[in-house]
Structure formats: C-alpha cells, structure tokens
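Reviewing the structure listed below.
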Amino acid sequence: MKVTVAKTAGFCMGVRRAVEMAFDAANATTAPICTYGPLIHNPQVLSLLEEKGIFVISEIPEAAEGLVIIRAHGIPPRERDALVESGFEVIDATCPRVVRVQSIISRHARQGYAPIIVGDREHPEVVGLLGYAGENGHVVESMEALERLPDFEKAIIVTQTTQNAAFFEKVRSWALQNHPGYKIFNTICDSTEKRQAEVKALAANVDAVIVVGGYSSGNTRRLAEIAAENKKTALHVETASDVDIENLTDARHIGITAGASTPNWIIKQVYQDLEARLAGGRGVLYRFAYTAMRFLVNSNLYLAAGAGSLTLACMWLMGLPTGAASVLVAALYILSMHTANQMLERQYDRYNDPYRAEFYHKNRLFLTGLASFAAMGALAASWWMGPLFFVIVLCMSALGLLYNIEAEGKNGERKRTGLKNLPGSKTVLTALAWGIVAALLPAIYTNGYLSAADVLVFAWAAAMVLVRTAYFDIMDMQGSRIMGRGTIPIILGEKRTIRLLKAILAAMAAALPLGWAFGILDAPGMLLVICPLLMGLFLHSYERKLIFSTIHRGFVMESFFLLAGIVAGIGMLLL
Ligand code: SF4
C-alpha cells in the first residue's frame with residue numbers, strides 16, 4: 001500500500017498569515033489578546049490559541065482594552081469601526097485576497113452597481129463582504145436563487161474565495177447568456193482552485209482519499225465532496241484518531257489532502273499513523289528496517305554516527321592521522337546535547353513532529369539515561385585526550401544545557417528571555433559546536449596549533465551542519481512560531497532560507513577545490529564535494545515536495561554526514 005500527500009495540503013497563505021500574526025502578537029506583548037470570531041475553522045488550532053491566552057469574542061463590548069485580531073475571512077466595515085471605538089487596538093489579519101474582493105465590492109457599490117455575491121450566506125467571509133455592498137447587496141447560494149433575482153441595470157458578480165469553481169462556471173454562463181452587461185469577477189482564490197484541482201487528480205489515481213480538517217471548515221468539506229464525486233472512498237477526518245481503518249482495508253493507494261485551515265502537525269500525524277500501520281502490513285524485513293530507521297533517527301543514535309563520521313572526514317581533509325578519541329568525543333557530545341535539548345523541548349515537539357514527541361514522552365527514562373551516559377562518555381574520552389580538552393568539552397556541555405534556560409518576563413509575562421530566544425542562535429551555535437568537536441579539537445590535539453587548512457575545514461563542517469539544522473528549522477516552522485522562537489526560517493521566510501542554504505552549499509562545494517588550488521588542502525579531499533552537491537539535490541526535492549515522510553527526510557539528511565565519513569574512510573584506505 002502506498003500513501004501520497006497532496007502538495008497543496010495544509011495552511012493557505014491567508015490562514016498561515018493570520019495564525020502567524022496571532023502567535024507573533026502573543027509572543028511579543030503582554031496585553032490581553034482576543035480574536036473577533038474564531039480565527040480559523042480548526043478546533044485544534046483554536047485550542048492552541050487558547051493555551052497561548054488568545055480567546056474568542058463574538059460580541060463587541062462597549063469598553064475594551066488590549067488587542068483584537070480580525071480573522072482571515074474579514075468582517076463588515078461597521079464592525080471594524082465598532083471594535084476601534086470600543087477601545088481595542090485592531091490587528092487586521094484579513095487575507096489580502098479577501099481584501100481584494102472587499103475593494104471590488106465597495107468600489108462598484110459606490111458607483112451604483114448591485115453587488116451579487118455567490119457564496120454561503122452564513123459564511124463569515126460572505127457576511128463581511130456583504131458589509132461592503134451597501135444597501136443593494138445580494139447573496140446567492142444556488143442557480144435557483146440567482147435566477148430569482150430582479151434584473152439590475154448595473155451589477156457585478158463576485159464569489160466567496162472558497163467557492164466551487166464548477167459552480168462559478170455555471171454562474172458565469174448564465175450571466176453571459178441572460179445579462180451580458182453584468183461585470184463578472186472570478187474571485188475564487190487560486191489556492192482553493194489548485195487544491196480542488198489537485199484533489200480531483202489525486203482521487204482519479206488512488207483508491208481512497210483522506211481529507212484532513214475541521215468538520216466546520218467549508219473548504220475542507222468541499223474537498224471531501226470533490227473526492228467523493230470521483231466515486232472513491234472519501235474520509236473527512238479532523239485528527240489521526242478519526243481515521244477509520246476498516247474503510248481502507250481494500251485500498252492499495254491512499255491519498256491525503258487537507259483544508260486550508262489544517263495545520264501541518266495534524267497532517268503529519270495522520271500520515272505518520274498511516275505509515276506505521278502500513279509498515280505493520282508489510283514483510284518482516286521491511287517492518288524491521290522501518291522500525292530500526294525510526295528508532296535510530298529519533299534516538300539521535302544515527303545523528304551521533306553522523307557526527308563521528310563528519311569528524312573522520314574533517315581529519316582526513318586536514319591530513320591528520322585517525323584518532324578514536326576525537327571521533328568518540330564528537331559522537332558522544334553531539335548525542336548527549338541533542339538528546340538533552342530535545343527532551344527539554346518535547347512539549348513543543350507535538351506541533352512539529354507528533355510521533356517524535358510521543359517517542360520522547362514514552363522513552364523519557366531511557367533517553368535521559370542515554371543522554372547522561374553519552375555526556376559522561378564524551379567527558380571521559382576528552383579526559384583521555386588531555387585536561388585542556390576535558391575542560392573545553394565540560395564548558396561546551398554546560399553551555400549547551402544553559403542554552404535552554406529561559407526566564408519568564410516580569411510578573412510572569414508571556415514574553416521570555418534567554419540565550420535561545422536570540423534570533424537564529426540555535427542554528428548558529430549548533431553549527432559552531434559541531435565544527436569545534438569535529439575539526440578544531442582533533443587539529444589541536446594532533447598538532448597543538450591551528451593551520452589555515454584546519455580553519456577552512458572547521459568552516460566547511462560548521463556550514464554543513466548549519467544547512468542541516470536550518471533545514472530542520474524549516475520543517476519545524478509552525479512549532480517555532482507557536483513557541484515564539486526566532487529561527488532563521490522564521491526571520492527570513494522559507495523561500496529565502498532555502499535560497500540562503502543553496503548559496504552556502506554552493507560555497508561549500510567550491511571551497512574544497514579552491515582550498516586545493518591554493519595549496520591548503522590535498523587533492524583527494526575533493527571527493528567530499530559530493531556531500532554539498534547531494535544536499536543541494538535533497539533541498540531541491542524538498543522544494544518540489546517529493547518526500548513527505550518526516551522520518552525519511554530526517555534519515556536522508558543525517559546520511560550526508562555518514563557519507564562524508566564513508567568517503568573519508570575509503571580515501572584513507574585507498575589513497
Ligand atoms: S483560501 Fe485564499 S482567500 Fe481564503 S484565506 Fe486562504 S489564501 Fe486567503
């Protein structure tokens with residue numbers, strides 16, 4: 001059995017923007033915050049907002065204080081004015097595409113046109129749009145209602161942004177035939193159109209479609225309807241626990257899509273749940289390989305092997321003899337720090353990788369023991385290298401743990417302070433720590449000083465790790481936003497971060513031949529160019545959404561470090 005996830009599944013631009021504005025406000029201010037009406041149609045996101053102290057109001061109070069967020073659907077202008085008059089500071093999270101429809105309606109209403117809005121009368125977006133139509137606005141939900149309207153001298157037709165494209169085409173044909181003078185605006189959001197087209201294509205190629213999203217979300221319900229029109233099993237679920245596996249027993253290929261208000265972590269949960277059930281139905285060998293891969297990645301044992309391998313690659317590049325102690329220090333230090341930090345952050349991990357969060361919760365004793373043993377092992381190996389190295393590793397371990405300590409703001413305010421709240425600090429410090437243990441410590445241990453080659457290799461290793469960590473930060477963006485962490489992708493945005501990472505990879509690929517051309521590095525080290533090149537290809541596949549499974553992505557990303565070690569090992573033996 002195979003699972004395919006639609007590329008358009010999850011938050012659309014407008015919803016993501018509104019949710020981000022709400023979390024950013026919660027992380028930046030201590031003032032009371034509320035949303036006027038539910039921010040989006042997803043109960044899990046709404047309860048998360050409540051956890052952050054953002055509550056929903058449905059009535060406008062006479063006197064108010066604090067911030068009020070207008071949701072992505074928008075509201076009528078008179079209600080907006082009333083919010084301001086009551087004393088609220090208004091954060092307008094109306095989707096820019098809805099704002100465009102509002103402007104079309106209000107501009108034409110002022111010029112005497114009768115605005116006809118094709119949409120669900122009760123839908124908040126339509127209620128908001130109608131507020132811009134003045135006295136002569138009309139909402140139609142069906143062809144019959146449209147045909148019952150009086151003839152207008154001047155009229156415009158617009159649609160709710162999430163309207164069914166096929167229905168709009170019927171409306172357009174009717175208007176062209178009966179009222180050629182009416183102005184028609186196709187205001188269906190292309191995100192909706194793309195999502196609907198994709199679910200249609202998906203349903204044609206799979207045996208069953210799972211549509212993930214709030215039961216009250218109109219656009220999610222429409223996706224389920226479109227999937228069902230293809231005579232395929234279509235399950236509309238809110239969470240992974242709603243998936244009725246009995247309905248899927250005959251399906252050999254399952255498609256997953258999600259409404260515009262469904263957060264990534266719920267889609268991941270549904271996917272991971274199905275993936276685990278599918279693994280259970282396959283052969284013993286596949287099941288073993290899948291379980292082993294999950295365990296190695298989530299326990300950071302695979303990452304530790306990668307850190308050891310990267311150290312081996314750095315030693316080869318720097319022309320140092322192989323030293324077991326250096327490799328051991330790097331592998332154990334990285335294992336202890338990553339495991340300890342993930343343990344400390346595990347309550348937030350449910351918004352990034354629900355399976356990993358559960359793994360950390362279930363195995364907390366084992367993982368705490370593993371992190372402690374790894375830390376002691378790293379200290380013992382560094383002691384064997386010499387007191388200086390012991391002190392360095394001890395200080396780095398203490399800093400690694402201190403990094404996670406954060407202080408609440410004054411009077412228990414929401415705003416937090418601490419090293420890890422410095423924007424981008426986690427990614428940069430992680431890269432530096434890896435670079436130190438993988439390149440600088442082995443170089444100082446062997447030579448007692450640092451050469452130009454050592455500094456170049458340090459930068460090369462740190463850059464590899466920076467790309468790795470920033471890539472995982474991209475995958476964890478929703479969780480970081482909720483936690484109020486200023487990671488590189490949060491600051492730069494996803495597209496710019498990927499561009500930056502590609503540029504770093506290109507520089508890394510060029511650094512080795514340049515190092516050789518300037519006589520700093522030996523020629524065989526050029527073979528390691530393969531690592532940044534493959535990482536670049538992997539980033540490209542991520543952009544094209546070719547791999548969805550988080551566990552496979554994690555496994556592949558960590559494998560580049562192992563590959564560096566294998567290349568170095570072969571080079572040491574043969575060259
Ligand atoms: S579906 Fe389109 S119009 Fe509606 S919130 Fe999303 S991006 Fe905006």
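Naming scheme: A, B, ... for chains in displayed order of the structure tokens; residues 1 onward per chain; ligands 1 onward as shown.
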Shell around A:Asn352 at 10 Å using only C-alpha atoms, local window under 4 positions removed, as a PyMOL selection string: chain A and resi 263-266+268-269+346+348+356-357+472-473+475-480+482+550
Would you write out those residues with N, CA and C atoms, as an mmCIF file, in the first residue's frame?
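File part_34.cif, as written:
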data_model
loop_
_atom_site.group_PDB
_atom_site.id
_atom_site.type_symbol
_atom_site.label_atom_id
_atom_site.label_comp_id
_atom_site.auth_asym_id
_atom_site.auth_seq_id
_atom_site.Cartn_x
_atom_site.Cartn_y
_atom_site.Cartn_z
ATOM 1 N N PRO A 263 -3.441 22.597 10.239
ATOM 2 C CA PRO A 263 -2.004 22.788 10.473
ATOM 3 C C PRO A 263 -1.193 21.547 10.079
ATOM 4 N N ASN A 264 0.074 21.781 9.787
ATOM 5 C CA ASN A 264 0.965 20.693 9.336
ATOM 6 C C ASN A 264 1.023 19.540 10.309
ATOM 7 N N TRP A 265 1.037 19.874 11.620
ATOM 8 C CA TRP A 265 1.280 18.797 12.563
ATOM 9 C C TRP A 265 0.148 17.765 12.558
ATOM 10 N N ILE A 266 -1.058 18.208 12.229
ATOM 11 C CA ILE A 266 -2.167 17.238 12.173
ATOM 12 C C ILE A 266 -2.051 16.388 10.902
ATOM 13 N N LYS A 268 0.741 15.652 9.447
ATOM 14 C CA LYS A 268 1.863 14.744 9.725
ATOM 15 C C LYS A 268 1.401 13.572 10.582
ATOM 16 N N GLN A 269 0.563 13.894 11.568
ATOM 17 C CA GLN A 269 0.088 12.856 12.484
ATOM 18 C C GLN A 269 -0.715 11.797 11.714
ATOM 19 N N ARG A 346 10.402 18.820 24.464
ATOM 20 C CA ARG A 346 9.485 17.840 23.878
ATOM 21 C C ARG A 346 8.014 18.258 23.924
ATOM 22 N N TYR A 348 6.840 20.988 23.051
ATOM 23 C CA TYR A 348 6.547 21.773 21.853
ATOM 24 C C TYR A 348 6.637 20.940 20.586
ATOM 25 N N ARG A 356 7.626 11.987 17.029
ATOM 26 C CA ARG A 356 8.864 12.169 17.801
ATOM 27 C C ARG A 356 8.533 12.610 19.232
ATOM 28 N N ALA A 357 7.528 13.493 19.372
ATOM 29 C CA ALA A 357 7.125 13.953 20.706
ATOM 30 C C ALA A 357 6.652 12.775 21.547
ATOM 31 N N PHE A 472 16.079 21.554 9.168
ATOM 32 C CA PHE A 472 15.115 21.041 10.150
ATOM 33 C C PHE A 472 14.282 22.186 10.739
ATOM 34 N N ASP A 473 14.894 23.371 10.850
ATOM 35 C CA ASP A 473 14.131 24.537 11.324
ATOM 36 C C ASP A 473 12.989 24.869 10.361
ATOM 37 N N MET A 475 11.376 22.701 8.559
ATOM 38 C CA MET A 475 10.311 21.708 8.789
ATOM 39 C C MET A 475 9.549 21.995 10.083
ATOM 40 N N ASP A 476 10.236 22.665 11.019
ATOM 41 C CA ASP A 476 9.624 22.910 12.331
ATOM 42 C C ASP A 476 9.063 24.333 12.455
ATOM 43 N N MET A 477 8.829 24.985 11.334
ATOM 44 C CA MET A 477 8.439 26.409 11.399
ATOM 45 C C MET A 477 7.157 26.660 12.188
ATOM 46 N N GLN A 478 6.157 25.780 11.995
ATOM 47 C CA GLN A 478 4.895 26.038 12.717
ATOM 48 C C GLN A 478 5.102 25.960 14.223
ATOM 49 N N GLY A 479 5.874 24.937 14.645
ATOM 50 C CA GLY A 479 6.152 24.779 16.075
ATOM 51 C C GLY A 479 6.957 25.958 16.611
ATOM 52 N N SER A 480 7.954 26.403 15.840
ATOM 53 C CA SER A 480 8.792 27.522 16.279
ATOM 54 C C SER A 480 7.952 28.774 16.448
ATOM 55 N N ILE A 482 4.796 28.909 17.151
ATOM 56 C CA ILE A 482 3.953 28.761 18.341
ATOM 57 C C ILE A 482 4.785 29.019 19.601
ATOM 58 N N THR A 550 8.470 12.584 7.397
ATOM 59 C CA THR A 550 9.491 13.292 8.169
ATOM 60 C C THR A 550 10.623 12.357 8.544
#
Which protein, DNA or RNA residues have an atom within 7 Å of ligand 1, counting only C-alpha atoms and all ligand atoms, as a PDB file with N, CA, C and O atoms, in the first residue's frame?
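Saved the output as part09.pdb:
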ATOM      1  N   CYS A  12      -3.283  27.652   3.785  1.00  0.00           N
ATOM      2  CA  CYS A  12      -3.093  28.508   2.619  1.00  0.00           C
ATOM      3  C   CYS A  12      -2.391  29.779   3.107  1.00  0.00           C
ATOM      4  O   CYS A  12      -2.213  29.976   4.318  1.00  0.00           O
ATOM      5  N   MET A  13      -2.028  30.636   2.155  1.00  0.00           N
ATOM      6  CA  MET A  13      -1.280  31.852   2.514  1.00  0.00           C
ATOM      7  C   MET A  13      -2.025  32.697   3.552  1.00  0.00           C
ATOM      8  O   MET A  13      -1.465  33.147   4.541  1.00  0.00           O
ATOM      9  N   GLY A  14      -3.339  32.887   3.325  1.00  0.00           N
ATOM     10  CA  GLY A  14      -4.110  33.781   4.192  1.00  0.00           C
ATOM     11  C   GLY A  14      -4.243  33.246   5.607  1.00  0.00           C
ATOM     12  O   GLY A  14      -4.125  33.995   6.584  1.00  0.00           O
ATOM     13  N   VAL A  15      -4.467  31.936   5.712  1.00  0.00           N
ATOM     14  CA  VAL A  15      -4.624  31.340   7.037  1.00  0.00           C
ATOM     15  C   VAL A  15      -3.279  31.332   7.763  1.00  0.00           C
ATOM     16  O   VAL A  15      -3.190  31.668   8.948  1.00  0.00           O
ATOM     17  N   ALA A  72      -8.933  35.897   9.065  1.00  0.00           N
ATOM     18  CA  ALA A  72      -8.617  35.903   7.634  1.00  0.00           C
ATOM     19  C   ALA A  72      -9.854  36.146   6.772  1.00  0.00           C
ATOM     20  O   ALA A  72      -9.760  36.713   5.688  1.00  0.00           O
ATOM     21  N   HIS A  73     -11.047  35.753   7.247  1.00  0.00           N
ATOM     22  CA  HIS A  73     -12.273  35.931   6.468  1.00  0.00           C
ATOM     23  C   HIS A  73     -12.699  37.391   6.353  1.00  0.00           C
ATOM     24  O   HIS A  73     -13.506  37.728   5.492  1.00  0.00           O
ATOM     25  N   CYS A  95      -7.272  38.186   5.012  1.00  0.00           N
ATOM     26  CA  CYS A  95      -6.415  37.718   3.918  1.00  0.00           C
ATOM     27  C   CYS A  95      -6.396  38.773   2.802  1.00  0.00           C
ATOM     28  O   CYS A  95      -7.453  39.300   2.423  1.00  0.00           O
ATOM     29  N   PRO A  96      -5.228  39.076   2.251  1.00  0.00           N
ATOM     30  CA  PRO A  96      -5.149  40.086   1.182  1.00  0.00           C
ATOM     31  C   PRO A  96      -6.072  39.755   0.003  1.00  0.00           C
ATOM     32  O   PRO A  96      -6.554  40.654  -0.678  1.00  0.00           O
ATOM     33  N   ARG A  97      -6.328  38.460  -0.209  1.00  0.00           N
ATOM     34  CA  ARG A  97      -7.202  38.108  -1.342  1.00  0.00           C
ATOM     35  C   ARG A  97      -8.664  38.419  -1.023  1.00  0.00           C
ATOM     36  O   ARG A  97      -9.438  38.729  -1.916  1.00  0.00           O
ATOM     37  N   VAL A  98      -9.014  38.332   0.238  1.00  0.00           N
ATOM     38  CA  VAL A  98     -10.374  38.711   0.641  1.00  0.00           C
ATOM     39  C   VAL A  98     -10.485  40.236   0.581  1.00  0.00           C
ATOM     40  O   VAL A  98     -11.506  40.785   0.146  1.00  0.00           O
ATOM     41  N   THR A 161     -14.273  33.426  -1.776  1.00  0.00           N
ATOM     42  CA  THR A 161     -12.968  32.969  -2.282  1.00  0.00           C
ATOM     43  C   THR A 161     -12.845  31.444  -2.307  1.00  0.00           C
ATOM     44  O   THR A 161     -12.050  30.906  -3.063  1.00  0.00           O
ATOM     45  N   THR A 162     -13.646  30.768  -1.486  1.00  0.00           N
ATOM     46  CA  THR A 162     -13.541  29.303  -1.447  1.00  0.00           C
ATOM     47  C   THR A 162     -14.681  28.631  -2.219  1.00  0.00           C
ATOM     48  O   THR A 162     -14.986  27.470  -1.995  1.00  0.00           O
ATOM     49  N   CYS A 189     -10.170  32.070  -4.885  1.00  0.00           N
ATOM     50  CA  CYS A 189      -8.746  32.120  -4.597  1.00  0.00           C
ATOM     51  C   CYS A 189      -8.063  30.981  -5.349  1.00  0.00           C
ATOM     52  O   CYS A 189      -8.563  29.856  -5.333  1.00  0.00           O
ATOM     53  N   ASP A 190      -6.923  31.274  -6.010  1.00  0.00           N
ATOM     54  CA  ASP A 190      -6.288  30.209  -6.794  1.00  0.00           C
ATOM     55  C   ASP A 190      -5.787  29.084  -5.886  1.00  0.00           C
ATOM     56  O   ASP A 190      -5.638  27.951  -6.314  1.00  0.00           O
ATOM     57  N   SER A 191      -5.588  29.414  -4.601  1.00  0.00           N
ATOM     58  CA  SER A 191      -5.172  28.364  -3.667  1.00  0.00           C
ATOM     59  C   SER A 191      -6.314  27.341  -3.565  1.00  0.00           C
ATOM     60  O   SER A 191      -6.097  26.136  -3.538  1.00  0.00           O
ATOM     61  N   THR A 192      -7.554  27.836  -3.552  1.00  0.00           N
ATOM     62  CA  THR A 192      -8.710  26.937  -3.496  1.00  0.00           C
ATOM     63  C   THR A 192      -8.814  26.147  -4.791  1.00  0.00           C
ATOM     64  O   THR A 192      -9.026  24.931  -4.777  1.00  0.00           O
ATOM     65  N   ALA A 260      -7.592  24.329   3.959  1.00  0.00           N
ATOM     66  CA  ALA A 260      -6.690  25.481   4.075  1.00  0.00           C
ATOM     67  C   ALA A 260      -6.448  25.893   5.523  1.00  0.00           C
ATOM     68  O   ALA A 260      -5.555  26.688   5.802  1.00  0.00           O
TER      69      ALA A 260
END
Selection near A:His41, 10 Å with only C-alpha atoms, sequence-local residues under 4 positions removed, as an MDAnalysis selection string: chainID A and resid 15 45:46 213:220 259:262
DSSP helix (DSSP H, G or I) residues within stretch 116-203 of chain A, as an MDAnalysis selection string: chainID A and resid 124:130 134:136 143:148 165:178 190:203
Tell me, counting only C-alpha atoms, for each residue of stretch 318-430 of chain A within 10 Å of stretch 448-457 of chain A, which pair of atoms is nearest and how far apart they are in Å to one decimal, in rows ordered by chain and increasing number, as JSON lines.
{"residue": "A:Met318", "atom": "CA", "partner": "A:Asp454", "partner_atom": "CA", "distance": 5.9}
{"residue": "A:Gly319", "atom": "CA", "partner": "A:Ala453", "partner_atom": "CA", "distance": 9.0}
{"residue": "A:Leu320", "atom": "CA", "partner": "A:Asp454", "partner_atom": "CA", "distance": 9.9}
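When the distance limit is 12 Å and only C-alpha atoms are what count, the residues near A:Leu537, minus those fewer than 3 positions from it on the same chain, are Ile498, Leu501, Lys502, Leu505, Ala506, Ile530, Cys531, Pro532, Leu533, Leu534, His540, Ser541, Tyr542, Glu543, Arg544, Leu546, Val556, Met557 and Phe560 of chain A.
For the choices A:Phe555, A:Tyr302, A:Tyr333, A:Trp316, the atom-to-atom distance to A:Ala443 is smallest for A:Trp316 when using only C-alpha atoms.
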Gap from atom CA of A:Val158 to atom CA of A:Ser173 - Å, one decimal: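 Computing the Euclidean distance for atom CA of A:Val158 and atom CA of A:Ser173 yields 13.9 Å.
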